[in-house]
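Text of data12.txt, listed as compact mmCIF, C-alpha atoms:
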```txt
# COMPACT_ATOMS: atom_id res chain seq x y z
CA MET Y 1 12.19 30.07 -13.95
CA ILE Y 2 9.05 28.11 -13.19
CA SER Y 3 6.20 29.59 -11.18
CA GLU Y 4 4.65 28.00 -8.08
CA ASN Y 5 1.36 27.75 -9.96
CA GLU Y 6 2.98 25.86 -12.79
CA ILE Y 7 4.71 23.48 -10.33
CA TRP Y 8 1.33 22.78 -8.78
CA LEU Y 9 -0.32 22.21 -12.16
CA LEU Y 10 2.43 19.88 -13.39
CA SER Y 11 2.11 17.96 -10.11
CA TYR Y 12 -1.63 17.75 -10.68
CA TYR Y 13 -1.09 16.40 -14.22
CA ARG Y 14 1.45 13.93 -12.80
CA SER Y 15 -0.95 12.76 -10.11
CA SER Y 16 -3.76 12.31 -12.66
CA GLU Y 17 -1.46 10.29 -14.94
CA ILE Y 18 -0.59 7.98 -12.01
CA VAL Y 19 -4.28 7.47 -11.17
CA GLY Y 20 -5.05 6.84 -14.87
CA ALA Y 21 -2.32 4.20 -15.06
CA MET Y 22 -3.62 2.44 -11.96
CA PHE Y 23 -7.21 2.50 -13.22
CA PHE Y 24 -6.35 1.03 -16.61
CA GLY Y 25 -4.10 -1.52 -14.94
CA ARG Y 26 -7.09 -2.73 -12.97
CA ILE Y 27 -9.35 -2.73 -16.02
CA ALA Y 28 -6.76 -4.75 -17.99
CA ARG Y 29 -6.87 -7.42 -15.30
CA LEU Y 30 -10.62 -7.87 -15.88
CA LEU Y 31 -10.43 -8.27 -19.67
CA ARG Y 32 -9.96 -11.45 -21.64
CA PRO Y 33 -6.59 -11.80 -23.40
CA GLY Y 34 -6.71 -10.30 -26.91
CA PRO Y 35 -6.06 -7.12 -28.91
CA VAL Y 36 -8.32 -4.92 -26.74
CA GLN Y 37 -6.57 -6.03 -23.57
CA ALA Y 38 -3.24 -5.31 -25.31
CA ASP Y 39 -4.38 -1.74 -26.10
CA VAL Y 40 -5.55 -1.23 -22.52
CA MET Y 41 -2.14 -2.44 -21.30
CA GLN Y 42 -0.36 -0.06 -23.68
CA HIS Y 43 -2.61 2.72 -22.40
CA PHE Y 44 -1.76 2.14 -18.74
CA ALA Y 45 1.94 1.75 -19.54
CA ASP Y 46 1.80 5.13 -21.37
CA GLU Y 47 0.12 6.84 -18.42
CA ALA Y 48 2.75 5.52 -16.01
CA GLN Y 49 5.47 6.69 -18.42
CA HIS Y 50 3.88 10.15 -18.61
CA ALA Y 51 3.98 10.46 -14.82
CA ARG Y 52 7.68 9.56 -15.00
CA TRP Y 53 8.29 12.15 -17.75
CA PHE Y 54 6.59 14.86 -15.69
CA THR Y 55 8.79 13.89 -12.74
CA GLU Y 56 11.94 14.02 -14.87
CA CYS Y 57 10.87 17.30 -16.44
CA MET Y 58 10.39 18.91 -13.02
CA GLU Y 59 13.64 17.50 -11.68
CA SER Y 60 15.47 18.90 -14.72
CA MET Y 61 14.30 22.33 -13.56
CA ASP Y 62 15.41 21.61 -9.98
CA VAL Y 63 11.90 21.42 -8.60
CA THR Y 64 10.25 18.59 -6.71
CA PRO Y 65 6.72 17.47 -7.63
CA VAL Y 66 4.12 18.17 -4.98
CA LYS Y 67 2.45 15.06 -3.60
CA LEU Y 68 -1.26 15.70 -4.15
CA PRO Y 69 -4.00 13.70 -2.44
CA VAL Y 70 -6.44 14.18 -5.31
CA ALA Y 71 -6.51 13.70 -9.05
CA TYR Y 72 -8.84 14.97 -11.75
CA GLN Y 73 -10.46 11.55 -12.08
CA ASP Y 74 -11.80 11.59 -8.49
CA ASP Y 75 -14.10 14.50 -9.21
CA TYR Y 76 -14.84 13.05 -12.65
CA LEU Y 77 -16.36 9.82 -11.33
CA ALA Y 78 -18.31 11.73 -8.70
CA THR Y 79 -19.96 13.79 -11.45
CA ALA Y 80 -20.30 11.25 -14.25
CA GLY Y 81 -21.23 8.31 -12.00
CA VAL Y 82 -19.55 4.93 -11.72
CA PRO Y 83 -19.11 3.23 -15.11
CA THR Y 84 -20.62 -0.23 -14.93
CA ASN Y 85 -19.27 -1.90 -18.07
CA PHE Y 86 -16.34 -1.69 -20.46
CA MET Y 87 -18.22 0.49 -22.95
CA GLU Y 88 -18.97 3.06 -20.22
CA VAL Y 89 -15.33 2.91 -19.06
CA LEU Y 90 -14.20 3.71 -22.61
CA SER Y 91 -16.82 6.43 -23.03
CA ILE Y 92 -15.73 8.23 -19.87
CA THR Y 93 -12.10 7.74 -20.96
CA GLN Y 94 -12.83 9.36 -24.32
CA ALA Y 95 -14.25 12.48 -22.67
CA PHE Y 96 -11.36 12.55 -20.22
CA GLU Y 97 -8.60 12.07 -22.82
CA LYS Y 98 -10.01 14.82 -25.03
CA ARG Y 99 -10.05 17.17 -22.05
CA ILE Y 100 -6.44 16.29 -21.22
CA LEU Y 101 -5.35 16.90 -24.82
CA ASN Y 102 -7.10 20.29 -24.88
CA THR Y 103 -5.62 21.26 -21.52
CA TYR Y 104 -2.08 20.31 -22.54
CA ALA Y 105 -2.53 22.16 -25.86
CA GLN Y 106 -3.70 25.22 -23.93
CA HIS Y 107 -0.69 24.95 -21.64
CA LEU Y 108 1.60 24.94 -24.70
CA LYS Y 109 0.06 28.21 -25.87
CA ALA Y 110 1.07 30.07 -22.70
CA ASP Y 111 4.12 32.24 -23.45
CA THR Y 112 5.53 31.55 -20.00
CA THR Y 113 5.71 27.74 -20.47
CA PRO Y 114 9.37 26.73 -19.97
CA SER Y 115 11.06 24.70 -22.75
CA PRO Y 116 11.38 21.44 -20.74
CA VAL Y 117 7.65 21.57 -19.97
CA ARG Y 118 6.89 22.33 -23.61
CA ARG Y 119 8.94 19.33 -24.79
CA THR Y 120 7.33 17.03 -22.21
CA LEU Y 121 3.81 18.10 -23.10
CA GLU Y 122 4.45 17.64 -26.83
CA ARG Y 123 5.89 14.18 -26.21
CA ILE Y 124 2.92 13.15 -24.05
CA MET Y 125 0.36 14.56 -26.49
CA ARG Y 126 1.54 12.16 -29.18
CA ASP Y 127 0.46 9.25 -26.95
CA GLU Y 128 -2.74 10.99 -25.89
CA ARG Y 129 -3.79 11.34 -29.53
CA TRP Y 130 -3.34 7.60 -29.95
CA HIS Y 131 -5.42 7.04 -26.78
CA VAL Y 132 -8.30 9.03 -28.27
CA GLN Y 133 -7.99 7.05 -31.53
CA TRP Y 134 -7.94 3.53 -30.10
CA VAL Y 135 -10.76 4.28 -27.67
CA ARG Y 136 -12.88 5.77 -30.50
CA GLN Y 137 -12.23 2.73 -32.69
CA THR Y 138 -12.99 0.27 -29.89
CA LEU Y 139 -16.24 2.06 -29.11
CA ARG Y 140 -17.18 1.64 -32.79
CA ASP Y 141 -16.31 -2.05 -32.56
CA LEU Y 142 -18.61 -2.35 -29.54
CA GLU Y 143 -21.63 -1.00 -31.46
CA PRO Y 144 -23.06 -4.47 -32.30
CA GLN Y 145 -22.93 -5.40 -28.60
CA TYR Y 146 -24.27 -2.22 -27.00
CA GLY Y 147 -26.03 -0.42 -29.87
CA LYS Y 148 -24.81 2.69 -31.70
CA GLU Y 149 -27.48 4.89 -30.14
CA THR Y 150 -26.70 3.76 -26.59
CA ILE Y 151 -23.00 4.46 -27.12
CA GLU Y 152 -23.69 7.91 -28.58
CA ARG Y 153 -26.03 8.75 -25.69
CA THR Y 154 -23.44 7.57 -23.17
CA LEU Y 155 -20.70 9.63 -24.85
CA GLN Y 156 -22.92 12.71 -24.77
CA ARG Y 157 -23.66 12.21 -21.07
CA HIS Y 158 -19.96 11.89 -20.30
CA MET Y 159 -19.07 14.96 -22.38
CA ASP Y 160 -21.66 16.92 -20.36
CA ALA Y 161 -20.18 15.60 -17.10
CA ASP Y 162 -16.72 16.55 -18.39
CA ARG Y 163 -17.76 20.16 -19.01
CA GLU Y 164 -19.24 20.33 -15.51
CA THR Y 165 -16.13 18.82 -13.90
CA TYR Y 166 -13.74 21.06 -15.82
CA GLY Y 167 -15.78 24.16 -15.00
CA ARG Y 168 -15.60 23.27 -11.32
CA PHE Y 169 -11.86 22.61 -11.59
CA LEU Y 170 -11.30 26.07 -13.11
CA GLN Y 171 -13.39 27.69 -10.39
CA GLU Y 172 -11.75 25.85 -7.49
CA HIS Y 173 -8.21 26.48 -8.73
CA SER Y 174 -8.76 29.80 -10.50
CA GLU Y 175 -5.62 31.43 -9.10
CA ARG Y 176 -3.39 28.50 -10.00
CA VAL Y 177 -4.63 28.05 -13.56
CA GLU Y 178 -5.20 31.70 -14.40
CA PHE Y 179 -2.09 31.73 -16.62
CA LEU Y 180 -3.76 29.10 -18.85
CA ALA Y 181 -6.82 31.28 -19.30
CA ARG Y 182 -4.54 34.12 -20.41
CA ALA Y 183 -2.81 31.92 -23.03
CA LYS Y 184 -3.19 32.75 -26.70
CA GLY Y 185 -6.52 31.69 -28.12
CA ALA Y 186 -7.96 30.63 -24.78
CA ALA Y 187 -11.65 29.86 -24.96
CA MET T 1 -31.82 -16.63 0.94
CA THR T 2 -32.10 -17.87 -2.64
CA ASP T 3 -29.24 -19.70 -4.32
CA ALA T 4 -28.58 -16.71 -6.57
CA MET T 5 -28.44 -14.38 -3.58
CA ARG T 6 -26.02 -16.66 -1.77
CA ARG T 7 -23.75 -16.86 -4.81
CA LEU T 8 -23.81 -13.07 -5.20
CA VAL T 9 -22.96 -12.51 -1.53
CA GLU T 10 -20.10 -15.01 -1.78
CA LYS T 11 -18.74 -13.36 -4.92
CA ILE T 12 -18.95 -9.86 -3.40
CA ALA T 13 -17.15 -11.17 -0.32
CA GLU T 14 -14.46 -12.70 -2.52
CA ILE T 15 -13.95 -9.53 -4.57
CA THR T 16 -13.88 -7.23 -1.55
CA ARG T 17 -11.81 -9.75 0.47
CA ARG T 18 -14.21 -9.69 3.38
CA PRO T 19 -16.04 -12.44 5.27
CA SER T 20 -19.52 -13.18 3.90
CA GLU T 21 -21.03 -11.98 7.22
CA ASP T 22 -19.78 -8.46 6.35
CA VAL T 23 -21.80 -8.45 3.14
CA ARG T 24 -25.14 -7.56 4.71
CA GLY T 25 -28.08 -6.31 2.67
CA ASP T 26 -28.42 -3.04 4.57
CA ARG T 27 -24.73 -2.15 4.23
CA PRO T 28 -23.83 0.75 1.90
CA LEU T 29 -21.67 -0.54 -0.96
CA ARG T 30 -19.20 2.30 -0.47
CA GLU T 31 -18.36 0.83 2.94
CA LEU T 32 -17.18 -2.41 1.35
CA VAL T 33 -14.84 -0.92 -1.24
CA GLN T 34 -11.78 1.29 -0.91
CA ASP T 35 -12.62 3.78 -3.65
CA SER T 36 -14.68 4.41 -6.79
CA PHE T 37 -12.25 2.41 -8.93
CA SER T 38 -12.74 -0.66 -6.72
CA LEU T 39 -16.47 -0.22 -7.16
CA VAL T 40 -16.07 -0.15 -10.96
CA GLU T 41 -13.99 -3.34 -10.79
CA MET T 42 -16.50 -5.09 -8.57
CA VAL T 43 -19.52 -4.27 -10.73
CA ILE T 44 -17.75 -5.35 -13.94
CA GLU T 45 -16.48 -8.55 -12.36
CA LEU T 46 -19.95 -9.45 -11.07
CA GLN T 47 -21.42 -8.97 -14.56
CA GLU T 48 -18.72 -11.21 -16.05
CA THR T 49 -19.30 -13.89 -13.42
CA PHE T 50 -23.08 -13.95 -13.70
CA SER T 51 -23.29 -13.12 -17.43
CA VAL T 52 -25.66 -10.21 -16.96
CA GLN T 53 -25.49 -6.65 -18.27
CA ILE T 54 -26.33 -3.53 -16.33
CA ASN T 55 -25.70 0.13 -17.13
CA GLN T 56 -25.03 3.38 -15.30
CA SER T 57 -28.67 4.37 -15.04
CA ASP T 58 -29.54 1.00 -13.44
CA PHE T 59 -26.63 1.40 -11.05
CA ALA T 60 -27.52 5.00 -10.16
CA ARG T 61 -30.32 3.64 -7.94
CA VAL T 62 -27.99 1.25 -6.08
CA VAL T 63 -26.89 2.33 -2.62
CA THR T 64 -26.74 -0.79 -0.48
CA VAL T 65 -25.60 -4.38 -0.99
CA GLY T 66 -29.29 -5.33 -0.95
CA ASP T 67 -30.03 -2.92 -3.83
CA LEU T 68 -27.22 -4.48 -5.88
CA ILE T 69 -28.40 -8.02 -5.18
CA THR T 70 -31.97 -7.10 -6.12
CA LEU T 71 -30.73 -5.58 -9.41
CA PHE T 72 -28.65 -8.63 -10.30
CA GLU T 73 -31.42 -11.03 -9.26
CA SER T 74 -33.89 -9.26 -11.54
CA ARG T 75 -31.45 -9.64 -14.46
CA LEU T 76 -30.71 -13.27 -13.62
CA SER T 77 -34.38 -14.18 -13.55
CA ALA T 78 -34.90 -12.38 -16.87
CA THR T 79 -32.14 -14.44 -18.51
CA PRO T 80 -33.61 -17.45 -20.34
```
Take the structure from the file and write it as structure tokens.
Amino acid sequence: MISENEIWLLSYYRSSEIVGAMFFGRIARLLRPGPVQADVMQHFADEAQHARWFTECMESMDVTPVKLPVAYQDDYLATAGVPTNFMEVLSITQAFEKRILNTYAQHLKADTTPSPVRRTLERIMRDERWHVQWVRQTLRDLEPQYGKETIERTLQRHMDADRETYGRFLQEHSERVEFLARAKGAA
Amino acid sequence: MTDAMRRLVEKIAEITRRPSEDVRGDRPLRELVQDSFSLVEMVIELQETFSVQINQSDFARVVTVGDLITLFESRLSATP
């Protein structure tokens, strides 16, 4: 049995994966052909696939995803500001992907998480770990162009914005995500 | 209008798929784009086209089309 709160949260994850896919699809279009563009394309293909897996997971439990007008990224950009170059796009992505990984890991710790959701989250997290890795490596590769210090400062700013956004998310949806806060080892 | 300004207005019109007359200096940028992601695309594409680099703190002061043109013009004139 899946709770209404969990249906909402899975729908929220699903909506955020769709928005992530669309964003990276648009970024890929702007890049020159090469290995970085290939990674960006893999990234947006993964995000689209994740949205599909969440849909399938919910359908396997006889529930329909809720169509949500908002995604996590909307609030994210409002707090962190509009990234103006590829390095800033990657920096904001790094903060975002780490948050997603932590949130999914937290969700796995909840005793009430149904098996299909557990399997889906574990499957998605494998890709998300790769996302964090390729973005981290590409940011290192961009150091000669943007400067190591500038990149580190930008990452720090985006991590701060991430904490602010996530704090607001928890406050706004406290009733829906309360079961995550009660999960084992919750911060 | 300088040549650089004209080229910027034309490029913004092309990216936002609007007539150049819509790209007025006093117009808030948010009115020209659908969402934040479109704004990201536009700013990155303009930098690629004009070979200039800006960052988030530069862009934080930009509200109108005129602000954006002024920012890009300052970078273009600084480029040797």
Who sits within 9 Å of Val65 of chain T, all atoms listed in the file, same chain under 3 positions skipped, as a PyMOL selection string: chain T and resi 9+12+23-29+32+62+68-70
Original post:
How many Å lie between atom CA of Gly66 of chain T and atom CA of Lys11 of chain T, rounded to one decimal?
Top reply: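 The value is 13.8 Å.
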Tell me, counting all atoms listed in the file, for each residue of chain Y within 8 Å of chain T, which pair of atoms is nearest and how far apart they are in Å to one decimal, in rows ordered by chain and increasing number, as a Markdown table.
```
| residue | atom | partner | partner_atom | distance |
| --- | --- | --- | --- | --- |
| Y:Phe23 | CA | T:Phe37 | CA | 6.6 |
| Y:Arg26 | CA | T:Glu41 | CA | 7.3 |
| Y:Ile27 | CA | T:Glu41 | CA | 7.0 |
| Y:Leu30 | CA | T:Glu45 | CA | 6.9 |
| Y:Asp74 | CA | T:Ser36 | CA | 7.9 |
| Y:Leu77 | CA | T:Ser36 | CA | 7.3 |
| Y:Gly81 | CA | T:Gln56 | CA | 7.0 |
| Y:Val82 | CA | T:Val40 | CA | 6.2 |
| Y:Pro83 | CA | T:Gln56 | CA | 5.9 |
| Y:Thr84 | CA | T:Asn55 | CA | 5.5 |
| Y:Asn85 | CA | T:Ile44 | CA | 5.6 |
| Y:Phe86 | CA | T:Ile44 | CA | 7.6 |
| Y:Glu88 | CA | T:Gln56 | CA | 7.8 |
```
message = List the spatial neighbours of segment 1-3 of chain Y as a list in words - criterion: any atom at most 9 Å away, all atoms listed in the file, same-chain residues fewer than 5 positions off excluded.
response =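 Listing them by chain and then by number gives Trp8, Met61, Val63, Thr112, Thr113 and Pro114 of chain Y.
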Task: Contacts of Phe24 of chain Y at 10 Å (only C-alpha atoms; same-chain gap of 4+ positions) as a ChimeraX atom specification - done: /Y:19-20,28-30,37,40-45,47,89,93 /T:37
Dump C-alpha atoms for the selected residues as a PDB file, in the coordinates of the input?
```pdb
ATOM      1  CA  VAL Y  19      -4.280   7.470 -11.170  1.00  0.00           C
ATOM      2  CA  GLY Y  20      -5.050   6.840 -14.870  1.00  0.00           C
ATOM      3  CA  ALA Y  28      -6.760  -4.750 -17.990  1.00  0.00           C
ATOM      4  CA  ARG Y  29      -6.870  -7.420 -15.300  1.00  0.00           C
ATOM      5  CA  LEU Y  30     -10.620  -7.870 -15.880  1.00  0.00           C
ATOM      6  CA  GLN Y  37      -6.570  -6.030 -23.570  1.00  0.00           C
ATOM      7  CA  VAL Y  40      -5.550  -1.230 -22.520  1.00  0.00           C
ATOM      8  CA  MET Y  41      -2.140  -2.440 -21.300  1.00  0.00           C
ATOM      9  CA  GLN Y  42      -0.360  -0.060 -23.680  1.00  0.00           C
ATOM     10  CA  HIS Y  43      -2.610   2.720 -22.400  1.00  0.00           C
ATOM     11  CA  PHE Y  44      -1.760   2.140 -18.740  1.00  0.00           C
ATOM     12  CA  ALA Y  45       1.940   1.750 -19.540  1.00  0.00           C
ATOM     13  CA  GLU Y  47       0.120   6.840 -18.420  1.00  0.00           C
ATOM     14  CA  VAL Y  89     -15.330   2.910 -19.060  1.00  0.00           C
ATOM     15  CA  THR Y  93     -12.100   7.740 -20.960  1.00  0.00           C
TER      16      THR Y  93
ATOM     17  CA  PHE T  37     -12.250   2.410  -8.930  1.00  0.00           C
TER      18      PHE T  37
END
```
Computed gap from atom CA of Ser174 of chain Y to atom CA of Thr120 of chain Y is 23.6 Å
Determine, counting only C-alpha atoms, which protein, DNA and RNA residues have an atom within 9 Å of an atom of Tyr166 of chain Y; residues of the same chain fewer than 5 positions away are not included. Present the result as an NGL selection string. :Y and (72 or 76 or 99 or 161 or 171)
Could those residues be written to a file, using C-alpha atoms, as a compact mmCIF listing (two decimals), in the frame of the given file?
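And here is the file that came out, out39.txt:
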```
# COMPACT_ATOMS: atom_id res chain seq x y z
CA TYR Y 72 -8.84 14.97 -11.75
CA TYR Y 76 -14.84 13.05 -12.65
CA ARG Y 99 -10.05 17.17 -22.05
CA ALA Y 161 -20.18 15.60 -17.10
CA GLN Y 171 -13.39 27.69 -10.39
```
_Which residues are near Met58 of chain Y? Cut-off 9 Å, only C-alpha atoms, ignore same chain within fewer than 3 positions. Put them as a PyMOL selection string._
chain Y and resi 7+10-11+53-55+61-65+116-117
Take the residues from that selection and write them out as a PDB file, in the coordinates of the input, keeping C-alpha atoms.
```pdb
ATOM      1  CA  ILE Y   7       4.710  23.480 -10.330  1.00  0.00           C
ATOM      2  CA  LEU Y  10       2.430  19.880 -13.390  1.00  0.00           C
ATOM      3  CA  SER Y  11       2.110  17.960 -10.110  1.00  0.00           C
ATOM      4  CA  TRP Y  53       8.290  12.150 -17.750  1.00  0.00           C
ATOM      5  CA  PHE Y  54       6.590  14.860 -15.690  1.00  0.00           C
ATOM      6  CA  THR Y  55       8.790  13.890 -12.740  1.00  0.00           C
ATOM      7  CA  MET Y  61      14.300  22.330 -13.560  1.00  0.00           C
ATOM      8  CA  ASP Y  62      15.410  21.610  -9.980  1.00  0.00           C
ATOM      9  CA  VAL Y  63      11.900  21.420  -8.600  1.00  0.00           C
ATOM     10  CA  THR Y  64      10.250  18.590  -6.710  1.00  0.00           C
ATOM     11  CA  PRO Y  65       6.720  17.470  -7.630  1.00  0.00           C
ATOM     12  CA  PRO Y 116      11.380  21.440 -20.740  1.00  0.00           C
ATOM     13  CA  VAL Y 117       7.650  21.570 -19.970  1.00  0.00           C
TER      14      VAL Y 117
END
```
Between atom CA of Met22 of chain Y and atom CA of Val52 of chain T, what is the spacing in Å?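 Interatomic distance here is 25.9 Å.
Across Y:Leu90, Y:Val177, Y:Leu121, Y:Ala51, the tightest approach to Glu152 of chain Y is made by Y:Leu90 when counting only C-alpha atoms.
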* Asked: Hey, which of T:Arg18, T:Thr64, T:Ala13, T:Ser51 ends up closest to Ala78 of chain T? Count only C-alpha atoms.
  ->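 Nearest to Ala78 of chain T: T:Ser51.
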Checklist entry - From the set Y:Ile18, Y:Ala110, Y:Val132, Y:Met159, which residue has the shortest atom-to-atom contact distance to Arg182 of chain Y, counting only C-alpha atoms? => result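 For Arg182 of chain Y, the nearest of the candidates is Y:Ala110.
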Output segment 61-70 of chain T from the block with all heavy atoms, as a compact mmCIF listing (two decimals), in the first residue's frame?
```txt
# COMPACT_ATOMS: atom_id res chain seq x y z
N ARG T 61 22.47 42.26 -12.20
CA ARG T 61 22.03 43.66 -12.29
C ARG T 61 21.14 43.91 -13.50
O ARG T 61 20.64 45.01 -13.70
CB ARG T 61 23.26 44.56 -12.35
CG ARG T 61 24.07 44.59 -11.06
CD ARG T 61 25.17 45.63 -11.14
NE ARG T 61 26.20 45.26 -12.11
CZ ARG T 61 27.27 44.54 -11.81
NH1 ARG T 61 27.45 44.10 -10.58
NH2 ARG T 61 28.17 44.24 -12.74
N VAL T 62 20.99 42.89 -14.35
CA VAL T 62 20.25 43.06 -15.61
C VAL T 62 18.75 42.81 -15.39
O VAL T 62 18.36 41.75 -14.91
CB VAL T 62 20.79 42.08 -16.68
CG1 VAL T 62 19.90 42.09 -17.92
CG2 VAL T 62 22.22 42.45 -17.06
N VAL T 63 17.98 43.83 -15.75
CA VAL T 63 16.51 43.67 -15.65
C VAL T 63 15.87 43.84 -17.03
O VAL T 63 15.05 43.03 -17.45
CB VAL T 63 15.91 44.71 -14.66
CG1 VAL T 63 14.39 44.59 -14.61
CG2 VAL T 63 16.49 44.52 -13.26
N THR T 64 16.30 44.89 -17.73
CA THR T 64 15.68 45.19 -19.03
C THR T 64 16.60 44.80 -20.19
O THR T 64 17.78 44.51 -20.01
CB THR T 64 15.40 46.70 -19.14
OG1 THR T 64 16.67 47.38 -19.10
CG2 THR T 64 14.51 47.20 -18.02
N VAL T 65 16.02 44.85 -21.39
CA VAL T 65 16.80 44.61 -22.61
C VAL T 65 17.95 45.61 -22.67
O VAL T 65 19.09 45.26 -23.02
CB VAL T 65 15.89 44.75 -23.85
CG1 VAL T 65 16.71 44.75 -25.14
CG2 VAL T 65 14.83 43.65 -23.88
N GLY T 66 17.65 46.86 -22.30
CA GLY T 66 18.67 47.91 -22.33
C GLY T 66 19.85 47.58 -21.42
O GLY T 66 21.01 47.79 -21.79
N ASP T 67 19.54 47.04 -20.23
CA ASP T 67 20.62 46.66 -19.29
C ASP T 67 21.51 45.59 -19.92
O ASP T 67 22.74 45.63 -19.79
CB ASP T 67 20.04 46.07 -17.99
CG ASP T 67 19.21 47.06 -17.20
OD1 ASP T 67 19.44 48.27 -17.35
OD2 ASP T 67 18.33 46.61 -16.42
N LEU T 68 20.87 44.63 -20.60
CA LEU T 68 21.63 43.53 -21.20
C LEU T 68 22.52 44.05 -22.34
O LEU T 68 23.70 43.67 -22.45
CB LEU T 68 20.67 42.45 -21.74
CG LEU T 68 21.33 41.20 -22.30
CD1 LEU T 68 21.99 40.38 -21.19
CD2 LEU T 68 20.31 40.30 -23.02
N ILE T 69 21.96 44.94 -23.13
CA ILE T 69 22.72 45.50 -24.25
C ILE T 69 23.92 46.31 -23.73
O ILE T 69 25.03 46.20 -24.23
CB ILE T 69 21.80 46.35 -25.17
CG1 ILE T 69 20.85 45.40 -25.91
CG2 ILE T 69 22.60 47.19 -26.15
CD1 ILE T 69 19.80 46.07 -26.75
N THR T 70 23.66 47.10 -22.68
CA THR T 70 24.75 47.89 -22.08
C THR T 70 25.87 46.97 -21.59
O THR T 70 27.06 47.23 -21.82
CB THR T 70 24.21 48.74 -20.90
OG1 THR T 70 23.13 49.52 -21.38
CG2 THR T 70 25.28 49.63 -20.31
```
